[in-house]
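Structure data (compact mmCIF, C-alpha atoms) from upload06.txt:
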```txt
# COMPACT_ATOMS: atom_id res chain seq x y z
CA MET A 1 96.28 97.18 125.14
CA ALA A 2 99.52 98.91 126.07
CA ASP A 3 98.26 99.76 129.57
CA TRP A 4 97.26 96.15 130.24
CA THR A 5 99.62 93.76 132.00
CA LEU A 6 101.26 90.90 130.13
CA PHE A 7 100.70 87.57 131.90
CA GLU A 8 102.42 84.25 131.21
CA VAL A 9 99.96 81.35 131.11
CA PHE A 10 100.56 77.86 132.55
CA VAL A 11 98.06 75.05 131.99
CA ARG A 12 97.80 71.70 133.77
CA SER A 13 96.60 69.30 131.12
CA LYS A 14 95.44 66.43 133.32
CA HIS A 15 95.29 65.85 137.05
CA GLY A 16 98.68 64.74 138.27
CA LEU A 17 100.79 66.49 135.62
CA ASN A 18 102.74 69.72 136.11
CA HIS A 19 101.48 73.06 134.89
CA LYS A 20 103.20 73.83 131.61
CA HIS A 21 103.89 77.19 129.97
CA VAL A 22 101.61 77.61 126.94
CA GLY A 23 101.89 81.30 126.02
CA SER A 24 100.81 84.71 127.22
CA VAL A 25 97.80 87.02 127.38
CA HIS A 26 97.20 90.71 128.06
CA ALA A 27 94.60 91.63 130.68
CA ALA A 28 93.58 94.44 133.02
CA ASP A 29 94.12 92.19 136.05
CA ALA A 30 94.92 88.59 136.98
CA GLU A 31 91.32 87.40 137.19
CA MET A 32 90.55 88.68 133.70
CA ALA A 33 93.83 87.13 132.53
CA ILE A 34 92.49 83.74 133.69
CA GLU A 35 89.28 84.32 131.73
CA ASN A 36 91.21 85.34 128.61
CA ALA A 37 93.56 82.37 128.99
CA ARG A 38 90.58 80.04 129.30
CA ASP A 39 89.19 81.30 125.97
CA LEU A 40 92.55 81.32 124.24
CA TYR A 41 94.31 78.18 125.45
CA THR A 42 91.61 75.70 126.51
CA ARG A 43 88.98 75.79 123.74
CA ARG A 44 89.27 72.02 123.29
CA SER A 45 89.45 70.76 126.88
CA GLU A 46 93.24 71.16 126.97
CA GLY A 47 93.31 71.94 130.67
CA VAL A 48 91.93 71.36 134.14
CA SER A 49 93.79 74.19 135.86
CA ILE A 50 95.33 77.52 134.81
CA TRP A 51 98.00 79.71 136.43
CA VAL A 52 98.73 83.24 135.29
CA VAL A 53 101.85 85.13 136.37
CA PRO A 54 102.76 88.73 135.46
CA SER A 55 105.64 88.40 132.97
CA THR A 56 107.67 90.93 134.96
CA ALA A 57 107.61 88.58 137.98
CA ILE A 58 109.65 85.95 136.16
CA THR A 59 113.41 85.85 136.62
CA ALA A 60 115.15 83.82 133.93
CA THR A 61 118.64 82.57 133.22
CA ALA A 62 120.52 84.66 130.68
CA SER A 63 121.46 82.95 127.43
CA ASP A 64 125.16 83.81 127.84
CA GLU A 65 125.19 82.01 131.20
CA LYS A 66 124.21 78.74 129.56
CA GLU A 67 127.65 77.09 129.71
CA ALA A 68 128.47 78.26 133.20
CA LEU A 69 125.16 77.03 134.58
CA PHE A 70 124.50 73.83 132.72
CA ASP A 71 127.76 72.44 131.36
CA ALA A 72 128.78 71.39 134.85
CA ALA A 73 126.26 68.54 134.67
CA ASP A 74 127.56 67.24 131.33
CA ASP A 75 130.55 65.33 132.70
CA LYS A 76 128.63 63.65 135.51
CA VAL A 77 127.41 60.62 133.61
CA TYR A 78 127.46 58.63 136.87
CA ARG A 79 124.26 60.45 137.83
CA HIS A 80 122.36 58.36 135.29
CA ALA A 81 121.12 54.83 135.90
CA SER A 82 122.45 53.69 132.52
CA PHE A 83 126.03 54.37 133.72
CA TYR A 84 126.00 51.29 135.93
CA GLU A 85 126.57 47.96 134.17
CA LEU A 86 124.93 44.96 135.74
CA PRO A 87 124.99 41.33 134.52
CA ASP A 88 121.93 40.15 132.56
CA GLU A 89 120.88 37.67 135.24
CA VAL A 90 120.03 40.55 137.58
CA GLY A 91 117.14 41.36 135.23
CA HIS A 92 115.33 44.67 135.28
CA MET A 93 116.41 47.07 138.01
CA MET B 1 101.03 82.83 101.91
CA TYR B 2 99.44 84.29 105.02
CA ALA B 3 102.64 86.29 104.77
CA GLN B 4 103.38 87.36 101.21
CA MET B 5 106.44 89.16 99.87
CA VAL B 6 108.00 89.86 103.26
CA GLU B 7 110.78 92.41 102.80
CA THR B 8 114.11 91.30 104.31
CA GLY B 9 116.11 94.41 103.47
CA SER B 10 118.77 92.07 102.12
CA LYS B 11 120.76 92.58 98.96
CA GLY B 12 121.81 88.97 98.76
CA VAL B 13 122.78 86.28 101.20
CA ARG B 14 126.29 86.75 102.58
CA ASP B 15 128.69 83.89 103.19
CA LEU B 16 129.98 83.07 106.63
CA GLU B 17 133.42 84.64 106.01
CA SER B 18 132.04 88.11 105.40
CA MET B 19 129.98 88.10 108.61
CA SER B 20 130.94 89.55 111.97
CA GLU B 21 131.80 87.00 114.64
CA GLN B 22 128.44 87.45 116.35
CA GLU B 23 126.57 87.10 113.09
CA ARG B 24 128.52 84.00 112.13
CA ALA B 25 127.71 82.33 115.46
CA PHE B 26 124.05 83.19 114.88
CA GLN B 27 124.01 81.76 111.35
CA GLN B 28 125.83 78.61 112.46
CA ARG B 29 123.23 78.12 115.17
CA ILE B 30 120.49 78.32 112.52
CA ASP B 31 122.40 76.00 110.20
CA ALA B 32 122.59 73.48 113.04
CA ASP B 33 118.78 73.73 113.46
CA ILE B 34 119.06 75.20 116.96
CA LYS B 35 116.14 77.52 117.69
CA ILE B 36 116.67 81.22 118.21
CA GLU B 37 114.98 82.38 121.42
CA PRO B 38 113.88 85.93 122.39
CA LYS B 39 116.91 86.69 124.57
CA ASN B 40 119.51 85.45 122.09
CA TRP B 41 121.46 87.95 120.02
CA MET B 42 120.08 88.31 116.49
CA PRO B 43 120.88 90.58 113.54
CA GLU B 44 118.57 93.60 113.36
CA ALA B 45 117.44 92.58 109.84
CA TYR B 46 116.37 89.15 111.13
CA ARG B 47 114.36 90.76 113.93
CA LYS B 48 112.69 93.26 111.60
CA THR B 49 111.90 90.66 108.95
CA LEU B 50 110.35 88.38 111.55
CA ILE B 51 108.25 91.21 112.98
CA ARG B 52 107.00 91.96 109.45
CA GLN B 53 106.30 88.31 108.70
CA ILE B 54 104.64 87.39 112.02
CA SER B 55 102.56 90.58 112.17
CA GLN B 56 101.40 90.05 108.58
CA HIS B 57 100.50 86.50 109.51
CA ALA B 58 98.62 87.69 112.63
CA HIS B 59 96.77 90.45 110.73
CA SER B 60 95.70 87.81 108.19
CA GLU B 61 94.16 85.65 110.89
CA ILE B 62 92.27 88.61 112.32
CA VAL B 63 91.09 90.08 108.99
CA GLY B 64 90.29 86.51 107.91
CA MET B 65 87.43 86.47 110.41
CA LEU B 66 85.55 89.13 108.43
CA PRO B 67 84.61 87.25 105.23
CA GLU B 68 83.34 84.37 107.38
CA GLY B 69 81.59 86.61 109.90
CA ASN B 70 79.50 87.71 106.93
CA TRP B 71 77.67 84.35 107.00
CA VAL B 72 77.18 83.66 110.73
CA THR B 73 73.63 85.01 110.83
CA ARG B 74 72.77 83.36 107.51
CA ALA B 75 74.18 79.87 108.12
CA PRO B 76 71.67 77.29 106.83
CA SER B 77 71.31 75.44 110.16
CA LEU B 78 72.15 75.80 113.84
CA LYS B 79 74.81 73.07 113.47
CA ARG B 80 76.55 74.96 110.66
CA LYS B 81 76.29 78.20 112.61
CA LEU B 82 77.98 76.68 115.68
CA GLN B 83 80.74 75.18 113.53
CA LEU B 84 81.34 78.46 111.77
CA MET B 85 81.51 80.38 115.05
CA ALA B 86 83.99 77.83 116.45
CA LYS B 87 86.17 78.26 113.37
CA ILE B 88 86.05 82.05 113.56
CA GLN B 89 86.95 81.91 117.26
CA ASP B 90 89.95 79.76 116.35
CA GLU B 91 91.10 82.40 113.84
CA ALA B 92 90.98 85.02 116.61
CA GLY B 93 93.02 82.64 118.77
CA HIS B 94 95.58 82.12 115.99
CA GLY B 95 95.93 85.87 115.62
CA LEU B 96 96.57 86.20 119.35
CA TYR B 97 99.18 83.40 119.48
CA LEU B 98 100.99 85.16 116.65
CA TYR B 99 100.80 88.66 118.15
CA SER B 100 102.28 87.19 121.35
CA ALA B 101 105.15 85.62 119.37
CA MET B 102 105.70 88.98 117.65
CA GLU B 103 105.81 90.81 121.00
CA THR B 104 108.71 88.63 122.15
CA LEU B 105 110.77 90.45 119.47
CA GLY B 106 110.10 93.77 121.18
CA ALA B 107 107.34 94.88 118.82
CA ASP B 108 104.30 96.68 120.21
CA ARG B 109 100.96 95.16 119.28
CA ASP B 110 99.03 98.44 119.12
CA GLU B 111 101.68 99.97 116.87
CA GLU B 112 101.68 97.02 114.49
CA VAL B 113 97.88 96.99 114.27
CA GLN B 114 98.00 100.72 113.61
CA LYS B 115 100.40 100.08 110.70
CA MET B 116 97.87 97.73 109.12
CA HIS B 117 95.12 100.33 109.50
CA GLU B 118 97.33 102.89 107.79
CA GLY B 119 98.03 100.49 104.93
CA LYS B 120 101.73 100.21 105.88
CA ALA B 121 101.45 96.55 106.90
CA LYS B 122 99.84 93.90 104.75
CA TYR B 123 97.62 90.91 105.38
CA SER B 124 97.02 88.04 102.96
CA SER B 125 95.58 89.10 99.60
CA ILE B 126 92.95 86.33 99.80
CA PHE B 127 90.86 88.16 102.40
CA ASN B 128 90.16 91.01 100.01
CA TYR B 129 87.70 88.88 98.07
CA PRO B 130 83.99 88.88 98.96
CA THR B 131 81.98 85.90 100.25
CA LEU B 132 78.94 85.91 98.00
CA ASN B 133 77.19 82.61 98.72
CA TRP B 134 77.07 79.95 101.46
CA ALA B 135 79.37 77.62 99.51
CA ASP B 136 82.13 80.22 100.03
CA MET B 137 82.26 79.09 103.70
CA GLY B 138 83.06 75.60 102.43
CA THR B 139 85.57 76.82 99.85
CA ILE B 140 87.39 79.01 102.38
CA GLY B 141 87.75 76.12 104.83
CA TRP B 142 88.81 73.66 102.16
CA LEU B 143 91.00 75.78 99.85
CA VAL B 144 92.08 78.83 101.88
CA ASP B 145 92.76 76.93 105.09
CA GLY B 146 94.12 74.07 102.99
CA ALA B 147 96.65 76.44 101.41
CA ALA B 148 97.42 77.86 104.85
CA ILE B 149 98.18 74.37 106.16
CA VAL B 150 100.62 73.67 103.31
CA ASN B 151 102.44 76.86 104.27
CA GLN B 152 102.24 76.46 108.04
CA VAL B 153 103.28 72.84 108.43
CA PRO B 154 106.92 73.61 107.47
CA LEU B 155 106.81 76.78 109.62
CA GLN B 156 106.53 74.53 112.68
CA ARG B 157 110.29 74.06 112.12
CA THR B 158 111.01 77.75 111.55
CA SER B 159 114.17 79.05 113.25
CA TYR B 160 112.51 81.43 115.73
CA GLY B 161 111.28 79.44 118.75
CA PRO B 162 108.14 81.40 119.71
CA TYR B 163 106.96 81.50 116.06
CA ALA B 164 107.54 77.75 115.62
CA ARG B 165 105.65 76.98 118.83
CA ALA B 166 102.71 79.18 117.80
CA MET B 167 102.61 77.32 114.46
CA ILE B 168 102.44 73.93 116.18
CA ARG B 169 99.36 75.08 118.07
CA VAL B 170 97.80 76.61 114.94
CA CYS B 171 98.39 73.51 112.81
CA LYS B 172 96.67 71.28 115.37
CA GLU B 173 93.51 73.35 114.97
CA GLU B 174 93.60 73.96 111.20
CA SER B 175 92.71 70.45 110.15
CA PHE B 176 89.27 70.90 111.74
CA HIS B 177 88.82 73.99 109.55
CA GLN B 178 89.69 72.23 106.35
CA ARG B 179 87.56 69.18 107.04
CA GLN B 180 84.50 71.23 108.03
CA GLY B 181 84.87 73.28 104.84
CA TYR B 182 85.19 70.25 102.61
CA GLU B 183 82.21 68.62 104.31
CA ILE B 184 80.04 71.67 103.59
CA LEU B 185 80.87 71.38 99.88
CA LEU B 186 80.52 67.60 99.77
CA HIS B 187 77.12 67.85 101.42
CA MET B 188 75.95 70.47 98.91
CA MET B 189 77.21 68.37 95.99
CA ARG B 190 75.74 65.07 97.18
CA GLU B 191 72.51 66.15 98.89
CA GLY B 192 71.90 69.50 97.25
CA ASN B 193 69.64 70.56 94.39
CA GLU B 194 70.93 71.90 91.08
CA ALA B 195 71.05 75.48 92.33
CA GLN B 196 73.09 74.45 95.38
CA LYS B 197 75.53 72.43 93.26
CA ALA B 198 75.90 75.43 90.96
CA MET B 199 76.77 77.54 94.02
CA VAL B 200 79.68 75.23 94.84
CA GLN B 201 81.09 75.40 91.32
CA ASP B 202 80.64 79.19 91.23
CA SER B 203 82.46 79.51 94.54
CA ILE B 204 85.40 77.36 93.39
CA ASN B 205 85.56 79.34 90.13
CA ARG B 206 85.89 82.63 92.02
CA PHE B 207 88.38 81.42 94.64
CA TRP B 208 90.68 79.11 92.66
CA TRP B 209 93.11 81.64 91.21
CA PRO B 210 93.18 83.95 94.27
CA VAL B 211 93.99 80.87 96.41
CA LEU B 212 96.95 79.98 94.17
CA MET B 213 98.16 83.58 94.56
CA MET B 214 98.27 83.11 98.35
CA PHE B 215 101.66 81.40 97.97
CA GLY B 216 103.15 84.63 96.63
CA PRO B 217 104.98 85.46 93.38
CA SER B 218 106.81 82.79 91.42
CA ASP B 219 110.34 82.08 92.61
CA ALA B 220 111.85 84.14 89.79
CA ASN B 221 110.09 87.24 91.18
CA SER B 222 110.67 86.58 94.84
CA PRO B 223 113.77 88.62 95.71
CA ASN B 224 113.50 88.15 99.48
CA SER B 225 113.19 84.38 99.47
CA ALA B 226 116.91 83.55 99.49
CA GLN B 227 117.58 85.51 102.69
CA SER B 228 114.44 84.18 104.39
CA MET B 229 115.45 80.64 103.47
CA ALA B 230 119.02 81.17 104.78
CA TRP B 231 117.50 82.33 108.06
CA LYS B 232 115.06 79.40 107.97
CA ILE B 233 112.07 81.65 108.56
CA LYS B 234 110.87 80.28 105.27
CA ARG B 235 111.56 76.62 104.54
CA HIS B 236 110.29 76.03 100.99
CA SER B 237 109.95 78.23 97.91
CA ASN B 238 106.62 79.73 96.84
CA ASP B 239 106.41 77.59 93.70
CA GLU B 240 107.27 74.42 95.59
CA LEU B 241 104.46 74.99 98.12
CA ARG B 242 101.99 75.99 95.39
CA GLN B 243 102.73 72.76 93.50
CA ARG B 244 102.36 70.69 96.66
CA PHE B 245 98.97 72.31 97.30
CA ILE B 246 97.70 71.70 93.75
CA ASP B 247 98.85 68.07 93.77
CA GLN B 248 96.98 67.32 96.97
CA THR B 249 93.88 69.35 96.07
CA ILE B 250 92.96 68.12 92.58
CA PRO B 251 92.07 64.57 93.71
CA GLN B 252 89.78 66.14 96.36
CA LEU B 253 88.23 68.30 93.65
CA GLN B 254 87.49 65.20 91.60
CA ILE B 255 85.75 63.53 94.55
CA LEU B 256 83.55 66.61 94.83
CA GLY B 257 82.72 66.28 91.15
CA CYS B 258 83.74 69.86 90.40
CA THR B 259 86.26 71.57 88.12
CA VAL B 260 88.68 74.50 88.37
CA PRO B 261 88.64 77.37 85.86
CA ASP B 262 91.96 76.44 84.24
CA PRO B 263 91.90 75.01 80.68
CA ASP B 264 95.63 74.22 80.94
CA LEU B 265 95.33 71.95 83.98
CA ARG B 266 96.64 68.47 83.19
CA TYR B 267 98.33 65.59 84.92
CA ASN B 268 101.90 64.86 83.88
CA GLU B 269 102.37 61.09 84.10
CA GLU B 270 106.15 61.39 83.98
CA THR B 271 106.63 63.89 86.81
CA GLY B 272 103.58 62.82 88.79
CA HIS B 273 102.56 66.48 89.16
CA TRP B 274 99.58 68.52 88.01
CA GLU B 275 100.58 71.24 85.54
CA PHE B 276 98.57 74.44 85.57
CA GLY B 277 98.07 77.62 83.57
CA GLU B 278 99.66 81.04 83.96
CA ILE B 279 98.59 83.03 87.05
CA ASP B 280 97.43 86.59 86.39
CA TRP B 281 100.01 88.34 88.55
CA SER B 282 98.72 91.80 87.66
CA GLU B 283 95.61 90.99 89.69
CA PHE B 284 97.76 89.88 92.65
CA TYR B 285 99.80 93.10 92.66
CA GLU B 286 96.66 95.25 92.33
CA VAL B 287 95.11 93.53 95.37
CA LEU B 288 98.35 94.01 97.35
CA LYS B 289 98.35 97.68 96.43
CA GLY B 290 94.93 98.02 98.02
CA ASN B 291 92.80 97.80 94.90
CA GLY B 292 91.13 94.42 95.49
CA PRO B 293 87.35 94.11 95.67
CA CYS B 294 87.17 94.44 99.49
CA ASN B 295 90.42 96.09 100.71
CA LYS B 296 88.78 99.32 101.85
CA GLU B 297 85.84 97.55 103.46
CA ARG B 298 88.09 95.16 105.43
CA VAL B 299 90.34 97.85 106.87
CA ALA B 300 87.36 100.09 107.65
CA GLN B 301 85.68 97.21 109.49
CA ARG B 302 88.83 96.50 111.54
CA LYS B 303 89.16 100.17 112.53
CA LYS B 304 85.50 100.30 113.49
CA ALA B 305 85.88 97.20 115.67
CA ILE B 306 88.87 98.75 117.49
CA ASP B 307 87.16 102.14 117.93
CA GLU B 308 83.81 100.78 119.03
CA GLY B 309 85.46 98.31 121.41
CA ALA B 310 87.39 101.07 123.21
CA TRP B 311 84.76 101.37 125.95
CA VAL B 312 85.06 97.65 126.73
CA ARG B 313 88.82 97.97 127.24
CA GLU B 314 88.33 101.09 129.37
CA ALA B 315 85.64 99.36 131.43
CA ALA B 316 87.97 96.42 132.07
CA VAL B 317 90.66 98.75 133.44
CA ALA B 318 88.08 100.67 135.55
CA TYR B 319 86.76 97.39 136.95
CA ALA B 320 90.26 96.13 137.77
CA ASN B 321 91.04 99.40 139.57
CA LYS B 322 87.79 99.28 141.54
CA LYS B 323 88.43 95.71 142.66
CA GLN B 324 91.93 96.66 143.77
CA GLN B 325 90.66 99.63 145.79
CA ARG B 326 88.02 97.46 147.48
CA LYS B 327 90.71 94.96 148.44
CA ALA B 328 92.88 97.75 149.88
CA ALA B 329 89.98 99.22 151.88
```
Rewrite the structure from the file as structure tokens, please.
Amino acid sequence: MADWTLFEVFVRSKHGLNHKHVGSVHAADAEMAIENARDLYTRRSEGVSIWVVPSTAITATASDEKEALFDAADDKVYRHASFYELPDEVGHM
Amino acid sequence: MYAQMVETGSKGVRDLESMSEQERAFQQRIDADIKIEPKNWMPEAYRKTLIRQISQHAHSEIVGMLPEGNWVTRAPSLKRKLQLMAKIQDEAGHGLYLYSAMETLGADRDEEVQKMHEGKAKYSSIFNYPTLNWADMGTIGWLVDGAAIVNQVPLQRTSYGPYARAMIRVCKEESFHQRQGYEILLHMMREGNEAQKAMVQDSINRFWWPVLMMFGPSDANSPNSAQSMAWKIKRHSNDELRQRFIDQTIPQLQILGCTVPDPDLRYNEETGHWEFGEIDWSEFYEVLKGNGPCNKERVAQRKKAIDEGAWVREAAVAYANKKQQRKAA
């Protein structure tokens, strides 16, 4: 197992929805990773499409960067629709 | 349960004041129910305890396929055979979800499996009992998976993110296991002849006490529980989960029209709980030590599966290499 590549698995549950990360599998190559992922993550018709990506190909944010990266959005409430108050007679907008 | 007596290496839970700054931030994060993710800092003892617990849980799923595999070729109908194979395939899947969660902690799967083969890592005591008649397939689904569900439902909220997410997936699939098991028994009790009904009762008699032992020693003899609870990798005590299981199981037992081999079992009107007799803990510790009825057979079968499957893994690598070379050419 140690000489097999670790792949991250993404499954699209229904047409029109995004692929979503569901877990990982080991395999000798990408095609076999798809076959393993099919057996492991879609035994009950959970998916219509599978992506596999070698885990080493993923670049992620570091946990200690969380504030620097994401806090900047916290004080920008005006980016949300609910920030804007409209009179009731306007109805749904 | 699927993980019993997981060693935490702790000599008592420390208060926030006596922790290092890093450790305090970690504990406060857990106290606030924020999940710990693979890249977050964590105390070494937390990491090691989780590796022990998740690997034990994964080994249990994998070894748990063996007692059921014993009946695939002897299932009484094609329908039952297909159901049993689907359940066993799920157990393999559960083992793999858990090994993946364990790997996010930096543990190596081959090494952890090797530890089980050497007797250094445990799997649940329940899988060291033999499956002697067809009703055992029903009893395992109903009682063993039933006990597993009681343990795993709270683990969906466990503090380590990848473990909690694996549990959510596992729990979704477990209810099929329990229902198919109970249906096997109900069918034997309602449609079966006297010999078949006797099989059901015999099966429950053999499995009842070992199933209660799955929850681990009583709280008084569970030295690691306090630390595991503080870390929220365990969310309820062994005795609490055992009681919950008994309370939900006895009414199902009555619908079957069967009994459990416990003369002390009685309903307490005041507390609303079923009271039960003393568990023979000497049997539990013997099984954990490797002296259960099937310990040697189970480990030998696992080793054989790994050894005899080596050529398949080698062939997969050879095939991948060949395809790559063809592409390059």
Inset, instruction - List the neighbours of region 13-30 of chain A out to 7 Å using only C-alpha atoms; skip same-chain residues closer than 4 positions along the sequence, and give me the result as a PyMOL selection string. - result: (chain A and resi 4-9+34+36-37+46-48+52) or (chain B and resi 100+316-317+320)
Inset, instruction - Could you check how far CA of Lys234 (chain B) sits from CA of Leu155 (chain B), in Å to one decimal? - result: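 Here the two named atoms are 6.9 Å from each other.
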Inset, instruction - Mind checking which residues fall within 10 Å of region 259-264 of chain B, counting all atoms listed in the file, ignoring those fewer than 5 positions away in the same chain, and posting them as a ChimeraX atom specification? - result: /B:201-202,204-209,250,253-254,274-279
Inset, instruction - Residues of chain B near chain A: apply a cut-off of 9 Å, count all atoms listed in the file, and supply the list as a list of chain:residue names. - result: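 Residues satisfying the distance criterion: B:Glu37, B:Lys39, B:Asn40, B:Trp41, B:Gln89, B:Asp90, B:Ala92, B:Gly93, B:His94, B:Leu96, B:Tyr97, B:Ser100, B:Ala101, B:Asp108, B:Arg109, B:Asp110, B:Pro162, B:Ala166, B:Arg313, B:Ala316, B:Val317, B:Ala318, B:Tyr319, B:Ala320, B:Asn321.
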Could those selected residues go to a file with C-alpha atoms, as an mmCIF file, in the coordinates of the input?
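Dumped everything to part28.cif:
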```cif
data_model
loop_
_atom_site.group_PDB
_atom_site.id
_atom_site.type_symbol
_atom_site.label_atom_id
_atom_site.label_comp_id
_atom_site.auth_asym_id
_atom_site.auth_seq_id
_atom_site.Cartn_x
_atom_site.Cartn_y
_atom_site.Cartn_z
ATOM 1 C CA GLU B 37 114.980 82.380 121.420
ATOM 2 C CA LYS B 39 116.910 86.690 124.570
ATOM 3 C CA ASN B 40 119.510 85.450 122.090
ATOM 4 C CA TRP B 41 121.460 87.950 120.020
ATOM 5 C CA GLN B 89 86.950 81.910 117.260
ATOM 6 C CA ASP B 90 89.950 79.760 116.350
ATOM 7 C CA ALA B 92 90.980 85.020 116.610
ATOM 8 C CA GLY B 93 93.020 82.640 118.770
ATOM 9 C CA HIS B 94 95.580 82.120 115.990
ATOM 10 C CA LEU B 96 96.570 86.200 119.350
ATOM 11 C CA TYR B 97 99.180 83.400 119.480
ATOM 12 C CA SER B 100 102.280 87.190 121.350
ATOM 13 C CA ALA B 101 105.150 85.620 119.370
ATOM 14 C CA ASP B 108 104.300 96.680 120.210
ATOM 15 C CA ARG B 109 100.960 95.160 119.280
ATOM 16 C CA ASP B 110 99.030 98.440 119.120
ATOM 17 C CA PRO B 162 108.140 81.400 119.710
ATOM 18 C CA ALA B 166 102.710 79.180 117.800
ATOM 19 C CA ARG B 313 88.820 97.970 127.240
ATOM 20 C CA ALA B 316 87.970 96.420 132.070
ATOM 21 C CA VAL B 317 90.660 98.750 133.440
ATOM 22 C CA ALA B 318 88.080 100.670 135.550
ATOM 23 C CA TYR B 319 86.760 97.390 136.950
ATOM 24 C CA ALA B 320 90.260 96.130 137.770
ATOM 25 C CA ASN B 321 91.040 99.400 139.570
#
```
Inset, instruction - Using CA of Ile62 (chain B) and CA of Gly95 (chain B) as the two end points, give the distance in Å to one decimal. - result: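 Going from CA of Ile62 (chain B) over to CA of Gly95 (chain B) covers 5.6 Å.
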Legend entry - Within 12 Å of Ser82 (chain A) using all atoms listed in the file, minus same-chain residues under 4 positions, as a list in words: Val77, Tyr78, Leu86, His92 and Met93 of chain A
Can you write out the residues you just picked, keeping C-alpha atoms, as a PDB file, keeping the file's coordinate frame?
```pdb
ATOM      1  CA  VAL A  77     127.410  60.620 133.610  1.00  0.00           C
ATOM      2  CA  TYR A  78     127.460  58.630 136.870  1.00  0.00           C
ATOM      3  CA  LEU A  86     124.930  44.960 135.740  1.00  0.00           C
ATOM      4  CA  HIS A  92     115.330  44.670 135.280  1.00  0.00           C
ATOM      5  CA  MET A  93     116.410  47.070 138.010  1.00  0.00           C
TER       6      MET A  93
END
```
Inset, instruction - Go through B:Arg80, B:His59, B:Arg14, B:Lys172 one by one, measure the shortest atom-to-atom distance of each to Phe127 (chain B) using all atoms listed in the file, and give the residue with the smallest value. - result: B:His59
Inset, instruction - Please measure the separation of CA of Pro54 (chain A) and CA of Ala58 (chain B), giving the value in Å to one decimal. - result: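 One can read the CA of Pro54 (chain A) to CA of Ala58 (chain B) distance as 23.2 Å.
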Inset, instruction - Rank nothing, just name the residue among B:Leu84, B:Ile168, B:Val113, B:Cys294 nearest to Tyr129 (chain B), using only C-alpha atoms. - result: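 For Tyr129 (chain B), the nearest of the candidates is B:Cys294.
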Legend entry - For Arg157 (chain B), the nearest of the candidates B:Met116, B:Pro76, B:Met199, B:Cys171, counting all atoms listed in the file: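 Looking at the shortest contact to Arg157 (chain B), the residue is B:Cys171.
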Report the closest atom pair, with its distance in Å rounded to one decimal, for each residue of region 166-259 of chain B that has an atom no farther than 7 Å from region 130-147 of chain B; count only C-alpha atoms, sort by chain and then rising residue number, and write it as a tab-separated table.
```
residue	atom	partner	partner_atom	distance
B:Glu174	CA	B:Asp145	CA	6.8
B:His177	CA	B:Gly141	CA	5.3
B:Gln178	CA	B:Trp142	CA	4.5
B:Arg179	CA	B:Trp142	CA	6.7
B:Gln180	CA	B:Gly141	CA	6.7
B:Gly181	CA	B:Gly138	CA	3.8
B:Tyr182	CA	B:Trp142	CA	5.0
B:Ile184	CA	B:Gly138	CA	5.1
B:Leu185	CA	B:Gly138	CA	5.4
B:Met199	CA	B:Ala135	CA	6.1
B:Val200	CA	B:Ala135	CA	5.3
B:Ser203	CA	B:Asp136	CA	5.5
B:Ile204	CA	B:Thr139	CA	6.5
B:Val211	CA	B:Val144	CA	6.1
B:Phe245	CA	B:Ala147	CA	6.3
```
Legend entry - Who sits within 12 Å of Met19 (chain B), only C-alpha atoms, same chain under 6 positions skipped, as a ChimeraX atom specification: /B:13,25-28,43
Inset, instruction - Rank nothing, just name the residue among B:Arg47, B:His187, B:Lys289, B:His273 nearest to Ser124 (chain B), using only C-alpha atoms. - result: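 Nearest to Ser124 (chain B): B:Lys289.
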Inset, instruction - Would you mind telling me which residue in B:Ala86, B:Tyr160, B:Met5, B:Leu288 lies nearest to Lys232 (chain B) when using all atoms listed in the file? - result: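 Of all the options, B:Tyr160 lies closest to Lys232 (chain B).
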Taking the structure in the block just given, could you write region 72-86 of chain A with C-alpha atoms, as a short mmCIF file (atom, residue, chain, number, x, y, z; two decimals), in the first residue's frame?
```
data_model
loop_
_atom_site.label_atom_id
_atom_site.label_comp_id
_atom_site.auth_asym_id
_atom_site.auth_seq_id
_atom_site.Cartn_x
_atom_site.Cartn_y
_atom_site.Cartn_z
CA ALA A 72 -11.04 40.70 6.11
CA ALA A 73 -14.51 39.69 4.91
CA ASP A 74 -16.07 39.81 8.39
CA ASP A 75 -16.54 43.59 8.56
CA LYS A 76 -18.05 43.90 5.09
CA VAL A 77 -21.66 43.27 6.00
CA TYR A 78 -22.72 45.50 3.09
CA ARG A 79 -21.86 42.60 0.78
CA HIS A 80 -24.97 40.78 1.97
CA ALA A 81 -28.47 41.42 0.67
CA SER A 82 -29.87 41.49 4.20
CA PHE A 83 -27.82 44.64 4.94
CA TYR A 84 -30.16 46.78 2.85
CA GLU A 85 -33.44 47.79 4.50
CA LEU A 86 -36.36 48.31 2.18
#
```
